[in-house]
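**Student:** work35.txt is reproduced in full below (compact mmCIF, C-alpha atoms).
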```
# COMPACT_ATOMS: atom_id res chain seq x y z
CA MET K 1 -3.76 -116.65 -125.98
CA SER K 2 -5.99 -119.41 -124.67
CA GLU K 3 -4.72 -122.79 -125.75
CA ILE K 4 -6.90 -125.88 -125.64
CA PHE K 5 -5.36 -129.25 -124.84
CA LEU K 6 -7.00 -132.34 -126.26
CA ARG K 7 -6.19 -136.01 -126.04
CA PRO K 8 -6.86 -138.41 -128.93
CA VAL K 9 -9.70 -140.84 -128.22
CA GLY K 10 -8.13 -143.23 -130.72
CA TRP K 11 -6.44 -143.63 -134.07
CA VAL K 12 -7.37 -144.65 -137.59
CA ARG K 13 -5.90 -148.07 -138.42
CA GLY K 14 -5.80 -149.34 -141.99
CA GLY K 15 -7.17 -147.71 -145.09
CA ARG K 16 -5.13 -145.38 -147.23
CA VAL K 17 -1.54 -144.58 -146.23
CA ALA K 18 -1.03 -141.37 -148.25
CA ALA K 19 -3.20 -138.26 -148.29
CA GLU K 20 -4.48 -138.35 -151.87
CA ASP K 21 -7.62 -136.63 -152.99
CA ASP K 22 -10.67 -138.45 -154.32
CA ALA K 23 -12.24 -141.93 -154.49
CA TRP K 24 -12.44 -142.31 -150.69
CA ASP K 25 -15.75 -144.14 -150.49
CA ALA K 26 -14.29 -147.61 -151.05
CA GLU K 27 -11.82 -147.34 -148.15
CA ARG K 28 -12.27 -149.64 -145.16
CA ALA K 29 -10.61 -148.86 -141.85
CA ALA K 30 -10.97 -149.18 -138.08
CA ILE K 31 -10.88 -146.56 -135.38
CA GLU K 32 -9.06 -148.09 -132.42
CA LEU K 33 -9.84 -146.42 -129.13
CA ASP K 34 -6.99 -145.43 -126.82
CA THR K 35 -7.46 -148.13 -124.20
CA GLY K 36 -5.34 -146.09 -121.82
CA TRP K 37 -8.52 -144.22 -120.93
CA LEU K 38 -11.43 -145.64 -122.95
CA GLY K 39 -13.04 -149.07 -122.95
CA ALA K 40 -15.49 -150.98 -125.13
CA GLU K 41 -18.32 -149.43 -123.13
CA ALA K 42 -17.68 -146.11 -124.91
CA LEU K 43 -18.89 -147.64 -128.19
CA GLN K 44 -21.92 -149.42 -126.69
CA GLY K 45 -25.05 -148.84 -128.79
CA LEU K 46 -23.23 -147.19 -131.68
CA ASP K 47 -24.10 -150.16 -133.90
CA ALA K 48 -27.75 -149.01 -133.82
CA PHE K 49 -26.67 -146.08 -136.00
CA SER K 50 -25.75 -146.40 -139.68
CA HIS K 51 -23.29 -143.49 -139.75
CA ALA K 52 -20.72 -141.85 -137.49
CA GLU K 53 -19.27 -138.35 -137.58
CA VAL K 54 -15.53 -138.47 -136.96
CA LEU K 55 -13.38 -135.55 -135.86
CA PHE K 56 -9.68 -135.97 -136.57
CA GLN K 57 -6.47 -134.02 -137.04
CA PHE K 58 -4.45 -133.99 -140.28
CA ASP K 59 -1.32 -134.61 -138.22
CA ARG K 60 0.94 -135.45 -141.18
CA LEU K 61 0.40 -131.98 -142.66
CA PRO K 62 3.29 -129.72 -141.50
CA GLU K 63 1.96 -126.71 -139.59
CA SER K 64 4.02 -124.52 -141.92
CA GLU K 65 1.62 -125.47 -144.74
CA VAL K 66 -1.43 -124.02 -142.99
CA VAL K 67 -2.71 -121.10 -145.05
CA LEU K 68 -4.71 -118.27 -143.48
CA THR K 69 -5.23 -116.14 -146.57
CA ALA K 70 -7.79 -116.64 -149.33
CA ARG K 71 -6.79 -119.08 -152.08
CA HIS K 72 -8.13 -120.99 -155.04
CA PRO K 73 -9.40 -124.39 -153.80
CA ARG K 74 -6.91 -127.09 -154.88
CA GLY K 75 -5.01 -124.30 -156.64
CA ASN K 76 -7.56 -124.36 -159.48
CA GLN K 77 -7.61 -120.90 -161.10
CA ASP K 78 -11.04 -121.64 -162.61
CA TRP K 79 -12.50 -121.46 -159.12
CA PRO K 80 -12.72 -118.24 -157.09
CA LYS K 81 -10.29 -117.35 -154.32
CA VAL K 82 -12.06 -118.12 -151.05
CA GLY K 83 -11.17 -117.90 -147.40
CA VAL K 84 -10.00 -120.86 -145.36
CA PHE K 85 -13.38 -121.16 -143.60
CA ALA K 86 -15.21 -121.24 -146.95
CA GLN K 87 -13.44 -124.44 -147.93
CA ARG K 88 -12.81 -127.82 -146.32
CA GLY K 89 -9.20 -128.42 -147.35
CA ARG K 90 -6.59 -129.83 -144.98
CA ASN K 91 -4.25 -126.86 -144.60
CA ARG K 92 -6.47 -124.90 -142.22
CA PRO K 93 -6.13 -123.49 -138.70
CA ASN K 94 -5.85 -126.37 -136.19
CA ARG K 95 -5.69 -128.86 -139.12
CA LEU K 96 -9.00 -130.50 -138.19
CA GLY K 97 -11.17 -132.70 -140.38
CA ILE K 98 -14.80 -133.67 -139.80
CA SER K 99 -16.24 -136.44 -141.89
CA VAL K 100 -19.25 -138.75 -141.97
CA CYS K 101 -18.60 -142.44 -142.63
CA ARG K 102 -20.63 -145.64 -142.58
CA ILE K 103 -20.46 -147.94 -139.56
CA THR K 104 -19.76 -151.52 -140.60
CA GLY K 105 -19.20 -153.03 -137.16
CA VAL K 106 -18.20 -152.63 -133.54
CA GLU K 107 -15.63 -155.12 -132.19
CA GLY K 108 -14.65 -154.37 -128.62
CA THR K 109 -12.69 -151.12 -128.70
CA ARG K 110 -12.58 -151.05 -132.50
CA LEU K 111 -15.12 -149.21 -134.62
CA LEU K 112 -15.13 -150.53 -138.19
CA VAL K 113 -15.95 -147.95 -140.82
CA ALA K 114 -16.27 -147.48 -144.59
CA GLY K 115 -15.66 -144.30 -146.55
CA LEU K 116 -13.59 -142.43 -143.96
CA ASP K 117 -11.31 -139.89 -145.66
CA ALA K 118 -8.52 -140.06 -143.09
CA ILE K 119 -5.29 -141.97 -143.50
CA ASP K 120 -3.74 -144.76 -141.42
CA GLY K 121 -2.47 -143.47 -138.07
CA THR K 122 -4.59 -140.31 -137.97
CA PRO K 123 -5.46 -139.21 -134.40
CA VAL K 124 -9.22 -139.11 -133.72
CA LEU K 125 -10.56 -136.51 -131.28
CA ASP K 126 -14.24 -137.42 -131.16
CA ILE K 127 -16.81 -139.81 -132.57
CA LYS K 128 -20.50 -138.88 -132.68
CA PRO K 129 -23.53 -140.77 -133.96
CA VAL K 130 -25.22 -139.18 -136.98
CA MET K 131 -28.81 -138.21 -136.22
CA ALA K 132 -31.09 -136.87 -138.95
CA GLU K 133 -31.99 -134.00 -136.64
CA PHE K 134 -28.40 -132.72 -136.75
CA LEU K 135 -28.35 -132.46 -140.55
CA PRO K 136 -28.84 -128.99 -142.10
CA ARG K 137 -32.24 -127.49 -141.35
CA GLY K 138 -33.79 -125.58 -144.25
CA GLU K 139 -32.74 -125.48 -147.88
CA LEU K 140 -29.06 -126.04 -148.63
CA ARG K 141 -27.23 -123.64 -150.94
CA GLN K 142 -23.61 -123.91 -152.05
CA PRO K 143 -21.53 -122.44 -154.90
CA ASP K 144 -20.93 -124.31 -158.16
CA TRP K 145 -17.18 -124.61 -157.59
CA SER K 146 -17.75 -126.76 -154.51
CA ARG K 147 -19.89 -129.20 -156.49
CA GLU K 148 -17.24 -129.46 -159.19
CA LEU K 149 -14.51 -130.01 -156.59
CA MET K 150 -16.50 -132.80 -154.92
CA ALA K 151 -17.46 -134.61 -158.15
CA ASP K 152 -14.91 -137.43 -157.74
CA TYR K 153 -14.21 -137.16 -154.03
CA TRP K 154 -16.07 -140.24 -152.86
CA MET V 1 0.27 -139.77 -124.13
CA SER V 2 0.12 -137.55 -127.20
CA GLU V 3 -1.55 -134.26 -126.45
CA ILE V 4 -2.86 -131.99 -129.16
CA PHE V 5 -2.72 -128.22 -128.72
CA LEU V 6 -5.33 -126.13 -130.45
CA ARG V 7 -5.99 -122.42 -130.56
CA PRO V 8 -9.52 -121.00 -130.80
CA VAL V 9 -10.25 -119.41 -134.17
CA GLY V 10 -12.88 -117.27 -132.47
CA TRP V 11 -15.68 -117.12 -129.94
CA VAL V 12 -19.46 -117.20 -129.93
CA ARG V 13 -20.88 -113.76 -129.04
CA GLY V 14 -24.51 -113.32 -128.12
CA GLY V 15 -27.24 -115.91 -128.07
CA ARG V 16 -28.06 -117.95 -124.99
CA VAL V 17 -26.01 -117.45 -121.82
CA ALA V 18 -26.82 -120.72 -120.03
CA ALA V 19 -26.49 -124.27 -121.35
CA GLU V 20 -30.13 -125.34 -121.45
CA ASP V 21 -31.45 -128.11 -123.63
CA ASP V 22 -33.94 -127.59 -126.43
CA ALA V 23 -35.49 -124.82 -128.56
CA TRP V 24 -32.16 -123.71 -130.03
CA ASP V 25 -33.30 -122.90 -133.55
CA ALA V 26 -34.46 -119.36 -132.77
CA GLU V 27 -31.10 -118.28 -131.33
CA ARG V 28 -29.11 -115.62 -133.20
CA ALA V 29 -25.42 -115.13 -132.51
CA ALA V 30 -22.12 -114.13 -134.08
CA ILE V 31 -18.84 -115.96 -134.27
CA GLU V 32 -16.09 -113.36 -133.86
CA LEU V 33 -12.75 -114.43 -135.24
CA ASP V 34 -9.63 -114.04 -133.11
CA THR V 35 -8.10 -111.09 -134.94
CA GLY V 36 -4.79 -111.86 -133.26
CA TRP V 37 -4.19 -114.32 -136.09
CA LEU V 38 -7.18 -114.30 -138.46
CA GLY V 39 -8.58 -111.57 -140.68
CA ALA V 40 -11.75 -110.97 -142.69
CA GLU V 41 -10.15 -112.81 -145.59
CA ALA V 42 -10.68 -116.10 -143.73
CA LEU V 43 -14.45 -115.74 -144.16
CA GLN V 44 -14.31 -114.63 -147.81
CA GLY V 45 -16.84 -116.52 -149.93
CA LEU V 46 -18.61 -118.17 -147.00
CA ASP V 47 -21.74 -116.13 -147.74
CA ALA V 48 -22.22 -118.23 -150.90
CA PHE V 49 -23.12 -121.13 -148.58
CA SER V 50 -26.39 -121.36 -146.67
CA HIS V 51 -25.01 -123.37 -143.74
CA ALA V 52 -21.83 -123.67 -141.71
CA GLU V 53 -20.53 -126.52 -139.59
CA VAL V 54 -19.08 -125.20 -136.34
CA LEU V 55 -16.69 -127.07 -134.05
CA PHE V 56 -16.58 -125.74 -130.51
CA GLN V 57 -15.66 -126.73 -126.98
CA PHE V 58 -18.14 -126.88 -124.08
CA ASP V 59 -15.67 -124.95 -121.96
CA ARG V 60 -18.10 -124.14 -119.14
CA LEU V 61 -18.58 -127.85 -118.42
CA PRO V 62 -16.16 -128.88 -115.64
CA GLU V 63 -13.84 -131.65 -116.80
CA SER V 64 -14.86 -133.61 -113.71
CA GLU V 65 -18.33 -134.02 -115.26
CA VAL V 66 -17.05 -135.89 -118.30
CA VAL V 67 -18.40 -139.43 -118.21
CA LEU V 68 -16.61 -142.31 -119.94
CA THR V 69 -18.99 -145.11 -119.00
CA ALA V 70 -22.31 -145.98 -120.63
CA ARG V 71 -25.31 -144.03 -119.36
CA HIS V 72 -28.94 -143.28 -120.08
CA PRO V 73 -29.08 -140.20 -122.38
CA ARG V 74 -30.25 -137.20 -120.32
CA GLY V 75 -30.63 -139.63 -117.41
CA ASN V 76 -33.88 -140.92 -118.90
CA GLN V 77 -34.39 -144.51 -117.70
CA ASP V 78 -36.84 -145.15 -120.57
CA TRP V 79 -33.93 -144.97 -122.97
CA PRO V 80 -31.16 -147.59 -123.12
CA LYS V 81 -27.75 -147.12 -121.54
CA VAL V 82 -25.39 -146.21 -124.35
CA GLY V 83 -21.72 -145.37 -124.60
CA VAL V 84 -20.40 -141.83 -124.80
CA PHE V 85 -19.68 -142.16 -128.55
CA ALA V 86 -23.26 -143.33 -129.22
CA GLN V 87 -24.66 -140.04 -127.95
CA ARG V 88 -23.99 -136.35 -128.62
CA GLY V 89 -24.24 -134.99 -125.07
CA ARG V 90 -21.82 -132.39 -123.70
CA ASN V 91 -20.04 -134.40 -121.02
CA ARG V 92 -17.81 -136.37 -123.38
CA PRO V 93 -14.06 -136.82 -123.87
CA ASN V 94 -12.50 -133.52 -125.01
CA ARG V 95 -15.90 -131.78 -124.49
CA LEU V 96 -16.31 -131.01 -128.19
CA GLY V 97 -19.51 -130.05 -130.00
CA ILE V 98 -20.14 -130.09 -133.74
CA SER V 99 -23.23 -128.37 -135.02
CA VAL V 100 -24.72 -127.10 -138.28
CA CYS V 101 -26.24 -123.61 -138.27
CA ARG V 102 -27.60 -121.20 -140.87
CA ILE V 103 -25.43 -118.37 -142.14
CA THR V 104 -27.26 -115.05 -141.94
CA GLY V 105 -24.38 -112.74 -142.81
CA VAL V 106 -20.67 -112.05 -142.91
CA GLU V 107 -19.50 -108.69 -141.52
CA GLY V 108 -15.75 -108.32 -141.56
CA THR V 109 -14.39 -110.80 -139.03
CA ARG V 110 -17.88 -111.66 -137.71
CA LEU V 111 -19.93 -114.57 -139.01
CA LEU V 112 -23.62 -114.11 -138.19
CA VAL V 113 -25.51 -117.33 -137.56
CA ALA V 114 -28.93 -118.66 -136.59
CA GLY V 115 -29.69 -121.88 -134.73
CA LEU V 116 -26.25 -122.46 -133.23
CA ASP V 117 -26.52 -124.54 -130.04
CA ALA V 118 -23.51 -123.01 -128.29
CA ILE V 119 -23.65 -120.37 -125.58
CA ASP V 120 -22.17 -116.88 -125.41
CA GLY V 121 -18.39 -116.98 -124.99
CA THR V 122 -17.88 -120.51 -126.30
CA PRO V 123 -14.47 -121.03 -127.98
CA VAL V 124 -14.73 -122.07 -131.64
CA LEU V 125 -12.05 -124.35 -133.08
CA ASP V 126 -13.09 -124.55 -136.72
CA ILE V 127 -15.73 -123.37 -139.18
CA LYS V 128 -16.45 -125.33 -142.36
CA PRO V 129 -18.93 -124.72 -145.18
CA VAL V 130 -21.66 -127.36 -145.45
CA MET V 131 -21.56 -129.14 -148.80
CA ALA V 132 -24.25 -131.63 -149.77
CA GLU V 133 -21.50 -134.08 -150.71
CA PHE V 134 -20.35 -134.26 -147.07
CA LEU V 135 -23.77 -135.29 -145.78
CA PRO V 136 -24.32 -139.02 -145.01
CA ARG V 137 -24.03 -141.24 -148.07
CA GLY V 138 -26.55 -144.08 -148.21
CA GLU V 139 -29.61 -144.67 -146.08
CA LEU V 140 -29.58 -143.23 -142.56
CA ARG V 141 -30.56 -145.43 -139.63
CA GLN V 142 -30.81 -144.37 -135.97
CA PRO V 143 -32.51 -145.77 -132.86
CA ASP V 144 -35.91 -144.56 -131.68
CA TRP V 145 -34.58 -143.06 -128.44
CA SER V 146 -32.48 -140.56 -130.39
CA ARG V 147 -35.54 -139.32 -132.30
CA GLU V 148 -37.46 -138.90 -129.05
CA LEU V 149 -34.56 -137.02 -127.44
CA MET V 150 -34.30 -134.65 -130.40
CA ALA V 151 -38.04 -133.94 -130.69
CA ASP V 152 -37.86 -130.49 -129.05
CA TYR V 153 -34.19 -129.74 -129.50
CA TRP V 154 -34.45 -127.13 -132.25
```
What would you get if you wrote out this structure as structure tokens?
**Tutor:**
Amino acid sequence: MSEIFLRPVGWVRGGRVAAEDDAWDAERAAIELDTGWLGAEALQGLDAFSHAEVLFQFDRLPESEVVLTARHPRGNQDWPKVGVFAQRGRNRPNRLGISVCRITGVEGTRLLVAGLDAIDGTPVLDIKPVMAEFLPRGELRQPDWSRELMADYW
Amino acid sequence: MSEIFLRPVGWVRGGRVAAEDDAWDAERAAIELDTGWLGAEALQGLDAFSHAEVLFQFDRLPESEVVLTARHPRGNQDWPKVGVFAQRGRNRPNRLGISVCRITGVEGTRLLVAGLDAIDGTPVLDIKPVMAEFLPRGELRQPDWSRELMADYW
């Protein structure tokens, strides 16, 4: 078994303190870099972008709650049972989240963001600028259940 | 220092064998799940989505080549020096890549994809379905240099 060791590049500070679904778009938070190895230079030029893609770990979710078998998203029986890689829920292998948020400022080693769906204290593993060229190429297709699930998310 | 231990969910098989920039869109490859802990059920329902978001590690890049200071993207002096989190290049903290590709099929524990910019053998850490609701919300803004850099990428 090949394990991969990563080190947080920073942590989410502020915003929501409990992992509750929905209405995330109004949240304001900062990502504070780990100044033990990263300086303000790492964020240089990020303010020229409107959005950042943030990779983080749902560290408050106990590993025992990770589910590898197919399940109804959010336990809703009206939606089909789907595999863990066909949904974006928290309790997944490696407990990783990837989310796009708006950049509201850069202050030294702090990146200020809006609409990040990660709670206070969450370890961040990477930050990338959003470029239009990295959005889906070609027509996007997704099942109806996913649209219903996302209706009140932001 | 808080380390995070992850386990690959699978590996890229096929496609390009060397990490060369540009013209990635024509590549065809498979992501083979690690059947030591994941079964076909994990991919159930993913074929209802047109695109997948794949998180992987640039494991062939020596850690000594990771750069934490600001630099000119691709060494091009015509573009500004920007920090590592304001670009998407490989030699970054944790050496992680996030990319959206097209789903061309699901065969048991193999996810068939097109346009994935990761080379043969790359460890995959997560696979998520692309939902329109997770794309950037609000107007997208990015600097000119990033559009020039991406001109021939796909």
**Student:** Could you make a table, as a Markdown table, of the residues of segment 84-130 of chain K that have an atom within 8 Å of an atom of segment 124-145 of chain V, each with its nearest atom pair and distance in Å to one decimal, counting all atoms listed in the file, in chain and number order?
**Tutor:**
```
| residue | atom | partner | partner_atom | distance |
| --- | --- | --- | --- | --- |
| K:Phe85 | CA | V:Lys128 | CA | 5.3 |
| K:Ala86 | CA | V:Pro129 | CA | 5.4 |
| K:Gln87 | CA | V:Pro129 | CA | 6.1 |
| K:Arg88 | CA | V:Lys128 | CA | 5.9 |
| K:Pro93 | CA | V:Asp126 | CA | 7.3 |
| K:Asn94 | CA | V:Leu125 | CA | 7.2 |
| K:Leu96 | CA | V:Asp126 | CA | 7.4 |
| K:Ser99 | CA | V:Phe134 | CA | 7.0 |
| K:Val100 | CA | V:Pro136 | CA | 5.9 |
| K:Cys101 | CA | V:Pro136 | CA | 7.1 |
| K:Arg102 | CA | V:Arg137 | CA | 7.8 |
| K:Val130 | CA | V:Gln142 | CA | 7.7 |
```
**Student:** May I have the residues within 12 Å of Leu38 of chain K as a list in words, using all atoms listed in the file and disregarding those fewer than 2 positions away in the same chain?
**Tutor:**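 Contacts, with the query itself left out: Arg7, Pro8, Val9, Gly10, Glu32, Leu33, Asp34, Thr35, Gly36, Ala40, Glu41, Ala42, Leu43, Gln44, Gly108, Thr109, Arg110 and Asp126 of chain K; Val67, Leu68, Thr69, Ala70, Gly83, Val84, Phe85, Arg92 and Pro93 of chain V.
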**Student:** Both chains have the same sequence, so superpose chain K on chain V over all Cα atoms paired in order and return it as a JSON list (two decimals) with C-alpha atoms, keeping the file's coordinate frame.
**Tutor:**
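Output contents, as saved in superposed-v2.json:
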```json
[["chain", "number", "residue", "atom", "x", "y", "z"],
["K", 1, "MET", "CA", 0.28, -139.76, -124.16],
["K", 2, "SER", "CA", 0.15, -137.55, -127.23],
["K", 3, "GLU", "CA", -1.52, -134.27, -126.44],
["K", 4, "ILE", "CA", -2.85, -131.99, -129.16],
["K", 5, "PHE", "CA", -2.71, -128.23, -128.71],
["K", 6, "LEU", "CA", -5.32, -126.13, -130.46],
["K", 7, "ARG", "CA", -5.99, -122.43, -130.57],
["K", 8, "PRO", "CA", -9.52, -121.01, -130.80],
["K", 9, "VAL", "CA", -10.26, -119.41, -134.18],
["K", 10, "GLY", "CA", -12.88, -117.27, -132.46],
["K", 11, "TRP", "CA", -15.69, -117.13, -129.94],
["K", 12, "VAL", "CA", -19.47, -117.21, -129.92],
["K", 13, "ARG", "CA", -20.87, -113.77, -129.04],
["K", 14, "GLY", "CA", -24.52, -113.33, -128.11],
["K", 15, "GLY", "CA", -27.25, -115.92, -128.06],
["K", 16, "ARG", "CA", -28.06, -117.96, -125.01],
["K", 17, "VAL", "CA", -26.02, -117.45, -121.82],
["K", 18, "ALA", "CA", -26.84, -120.73, -120.03],
["K", 19, "ALA", "CA", -26.50, -124.27, -121.36],
["K", 20, "GLU", "CA", -30.15, -125.33, -121.44],
["K", 21, "ASP", "CA", -31.45, -128.08, -123.63],
["K", 22, "ASP", "CA", -33.96, -127.56, -126.43],
["K", 23, "ALA", "CA", -35.51, -124.81, -128.58],
["K", 24, "TRP", "CA", -32.15, -123.69, -130.03],
["K", 25, "ASP", "CA", -33.30, -122.90, -133.55],
["K", 26, "ALA", "CA", -34.47, -119.36, -132.78],
["K", 27, "GLU", "CA", -31.11, -118.27, -131.34],
["K", 28, "ARG", "CA", -29.12, -115.61, -133.18],
["K", 29, "ALA", "CA", -25.42, -115.14, -132.51],
["K", 30, "ALA", "CA", -22.11, -114.14, -134.08],
["K", 31, "ILE", "CA", -18.83, -115.97, -134.27],
["K", 32, "GLU", "CA", -16.09, -113.38, -133.84],
["K", 33, "LEU", "CA", -12.76, -114.45, -135.23],
["K", 34, "ASP", "CA", -9.64, -114.05, -133.10],
["K", 35, "THR", "CA", -8.11, -111.10, -134.93],
["K", 36, "GLY", "CA", -4.80, -111.87, -133.27],
["K", 37, "TRP", "CA", -4.21, -114.35, -136.08],
["K", 38, "LEU", "CA", -7.20, -114.30, -138.45],
["K", 39, "GLY", "CA", -8.59, -111.57, -140.68],
["K", 40, "ALA", "CA", -11.75, -110.97, -142.69],
["K", 41, "GLU", "CA", -10.14, -112.81, -145.59],
["K", 42, "ALA", "CA", -10.67, -116.10, -143.73],
["K", 43, "LEU", "CA", -14.45, -115.73, -144.16],
["K", 44, "GLN", "CA", -14.31, -114.63, -147.81],
["K", 45, "GLY", "CA", -16.85, -116.53, -149.93],
["K", 46, "LEU", "CA", -18.60, -118.16, -146.99],
["K", 47, "ASP", "CA", -21.73, -116.13, -147.75],
["K", 48, "ALA", "CA", -22.21, -118.24, -150.90],
["K", 49, "PHE", "CA", -23.12, -121.13, -148.59],
["K", 50, "SER", "CA", -26.39, -121.36, -146.66],
["K", 51, "HIS", "CA", -25.01, -123.37, -143.74],
["K", 52, "ALA", "CA", -21.82, -123.67, -141.71],
["K", 53, "GLU", "CA", -20.53, -126.53, -139.58],
["K", 54, "VAL", "CA", -19.08, -125.20, -136.34],
["K", 55, "LEU", "CA", -16.69, -127.06, -134.06],
["K", 56, "PHE", "CA", -16.57, -125.75, -130.51],
["K", 57, "GLN", "CA", -15.66, -126.74, -126.97],
["K", 58, "PHE", "CA", -18.15, -126.88, -124.09],
["K", 59, "ASP", "CA", -15.66, -124.95, -121.96],
["K", 60, "ARG", "CA", -18.10, -124.15, -119.13],
["K", 61, "LEU", "CA", -18.59, -127.86, -118.42],
["K", 62, "PRO", "CA", -16.16, -128.88, -115.62],
["K", 63, "GLU", "CA", -13.84, -131.66, -116.80],
["K", 64, "SER", "CA", -14.86, -133.61, -113.69],
["K", 65, "GLU", "CA", -18.33, -134.03, -115.24],
["K", 66, "VAL", "CA", -17.03, -135.89, -118.30],
["K", 67, "VAL", "CA", -18.40, -139.43, -118.21],
["K", 68, "LEU", "CA", -16.62, -142.31, -119.94],
["K", 69, "THR", "CA", -18.99, -145.11, -119.00],
["K", 70, "ALA", "CA", -22.31, -145.98, -120.61],
["K", 71, "ARG", "CA", -25.32, -144.01, -119.36],
["K", 72, "HIS", "CA", -28.94, -143.26, -120.09],
["K", 73, "PRO", "CA", -29.09, -140.19, -122.38],
["K", 74, "ARG", "CA", -30.26, -137.18, -120.33],
["K", 75, "GLY", "CA", -30.62, -139.61, -117.42],
["K", 76, "ASN", "CA", -33.89, -140.91, -118.91],
["K", 77, "GLN", "CA", -34.39, -144.50, -117.70],
["K", 78, "ASP", "CA", -36.84, -145.13, -120.57],
["K", 79, "TRP", "CA", -33.92, -144.97, -122.96],
["K", 80, "PRO", "CA", -31.16, -147.59, -123.11],
["K", 81, "LYS", "CA", -27.74, -147.12, -121.53],
["K", 82, "VAL", "CA", -25.37, -146.21, -124.35],
["K", 83, "GLY", "CA", -21.71, -145.37, -124.62],
["K", 84, "VAL", "CA", -20.40, -141.83, -124.81],
["K", 85, "PHE", "CA", -19.68, -142.15, -128.55],
["K", 86, "ALA", "CA", -23.25, -143.33, -129.22],
["K", 87, "GLN", "CA", -24.65, -140.04, -127.96],
["K", 88, "ARG", "CA", -23.99, -136.36, -128.61],
["K", 89, "GLY", "CA", -24.24, -134.98, -125.08],
["K", 90, "ARG", "CA", -21.82, -132.40, -123.70],
["K", 91, "ASN", "CA", -20.03, -134.40, -121.02],
["K", 92, "ARG", "CA", -17.80, -136.36, -123.39],
["K", 93, "PRO", "CA", -14.06, -136.82, -123.87],
["K", 94, "ASN", "CA", -12.50, -133.51, -125.01],
["K", 95, "ARG", "CA", -15.89, -131.77, -124.49],
["K", 96, "LEU", "CA", -16.32, -131.00, -128.19],
["K", 97, "GLY", "CA", -19.51, -130.06, -129.99],
["K", 98, "ILE", "CA", -20.14, -130.08, -133.74],
["K", 99, "SER", "CA", -23.23, -128.36, -135.02],
["K", 100, "VAL", "CA", -24.71, -127.10, -138.28],
["K", 101, "CYS", "CA", -26.23, -123.61, -138.27],
["K", 102, "ARG", "CA", -27.61, -121.21, -140.86],
["K", 103, "ILE", "CA", -25.44, -118.36, -142.14],
["K", 104, "THR", "CA", -27.27, -115.05, -141.94],
["K", 105, "GLY", "CA", -24.39, -112.73, -142.81],
["K", 106, "VAL", "CA", -20.68, -112.04, -142.93],
["K", 107, "GLU", "CA", -19.52, -108.68, -141.51],
["K", 108, "GLY", "CA", -15.76, -108.32, -141.55],
["K", 109, "THR", "CA", -14.42, -110.80, -139.01],
["K", 110, "ARG", "CA", -17.89, -111.65, -137.71],
["K", 111, "LEU", "CA", -19.93, -114.56, -139.01],
["K", 112, "LEU", "CA", -23.62, -114.11, -138.19],
["K", 113, "VAL", "CA", -25.51, -117.32, -137.57],
["K", 114, "ALA", "CA", -28.94, -118.66, -136.59],
["K", 115, "GLY", "CA", -29.68, -121.87, -134.73],
["K", 116, "LEU", "CA", -26.24, -122.46, -133.22],
["K", 117, "ASP", "CA", -26.52, -124.53, -130.03],
["K", 118, "ALA", "CA", -23.51, -123.01, -128.29],
["K", 119, "ILE", "CA", -23.65, -120.38, -125.58],
["K", 120, "ASP", "CA", -22.16, -116.88, -125.40],
["K", 121, "GLY", "CA", -18.38, -116.99, -124.99],
["K", 122, "THR", "CA", -17.88, -120.53, -126.30],
["K", 123, "PRO", "CA", -14.47, -121.04, -127.98],
["K", 124, "VAL", "CA", -14.73, -122.08, -131.65],
["K", 125, "LEU", "CA", -12.05, -124.36, -133.09],
["K", 126, "ASP", "CA", -13.10, -124.55, -136.73],
["K", 127, "ILE", "CA", -15.72, -123.38, -139.18],
["K", 128, "LYS", "CA", -16.45, -125.34, -142.36],
["K", 129, "PRO", "CA", -18.92, -124.73, -145.17],
["K", 130, "VAL", "CA", -21.67, -127.35, -145.45],
["K", 131, "MET", "CA", -21.56, -129.14, -148.80],
["K", 132, "ALA", "CA", -24.25, -131.64, -149.77],
["K", 133, "GLU", "CA", -21.50, -134.07, -150.71],
["K", 134, "PHE", "CA", -20.36, -134.25, -147.08],
["K", 135, "LEU", "CA", -23.79, -135.30, -145.79],
["K", 136, "PRO", "CA", -24.33, -139.01, -145.01],
["K", 137, "ARG", "CA", -24.03, -141.23, -148.07],
["K", 138, "GLY", "CA", -26.54, -144.09, -148.19],
["K", 139, "GLU", "CA", -29.61, -144.66, -146.06],
["K", 140, "LEU", "CA", -29.57, -143.23, -142.55],
["K", 141, "ARG", "CA", -30.57, -145.44, -139.61],
["K", 142, "GLN", "CA", -30.79, -144.38, -135.98],
["K", 143, "PRO", "CA", -32.50, -145.76, -132.85],
["K", 144, "ASP", "CA", -35.91, -144.55, -131.68],
["K", 145, "TRP", "CA", -34.56, -143.06, -128.45],
["K", 146, "SER", "CA", -32.47, -140.55, -130.40],
["K", 147, "ARG", "CA", -35.53, -139.33, -132.29],
["K", 148, "GLU", "CA", -37.46, -138.90, -129.06],
["K", 149, "LEU", "CA", -34.55, -137.03, -127.46],
["K", 150, "MET", "CA", -34.29, -134.65, -130.42],
["K", 151, "ALA", "CA", -38.04, -133.94, -130.69],
["K", 152, "ASP", "CA", -37.86, -130.48, -129.07],
["K", 153, "TYR", "CA", -34.18, -129.73, -129.52],
["K", 154, "TRP", "CA", -34.44, -127.14, -132.27]]
```
**Student:** May I have the centre and edge lengths, in Å to one decimal, of an axis-aligned box around the listed atoms of segment 119-133 of chain K with 8 Å added to every side, as AutoDock Vina command-line options?
**Tutor:**
```
--center_x -17.2 --center_y -139.4 --center_z -137.3 --size_x 45.5 --size_y 26.8 --size_z 28.3
```
**Student:** Go through V:Val82, V:Phe56, V:Leu6, V:Gly15 and flag the residue nearest Ala29 of chain V, using all atoms listed in the file for the distances.
**Tutor:**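 Nearest candidate to Ala29 of chain V out of V:Val82, V:Phe56, V:Leu6, V:Gly15: V:Gly15.
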**Student:** Contacts of Val17 of chain K at 9 Å or less, counting all atoms listed in the file, minus same-chain residues fewer than 6 places along, as a PDB file with C-alpha atoms, keeping the file's coordinate frame?
**Tutor:**
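That gives us out.pdb:
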```
ATOM      1  CA  ALA K 118      -8.520-140.060-143.090  1.00  0.00           C
ATOM      2  CA  ILE K 119      -5.290-141.970-143.500  1.00  0.00           C
ATOM      3  CA  ASP K 120      -3.740-144.760-141.420  1.00  0.00           C
ATOM      4  CA  GLY K 121      -2.470-143.470-138.070  1.00  0.00           C
TER       5      GLY K 121
END
```
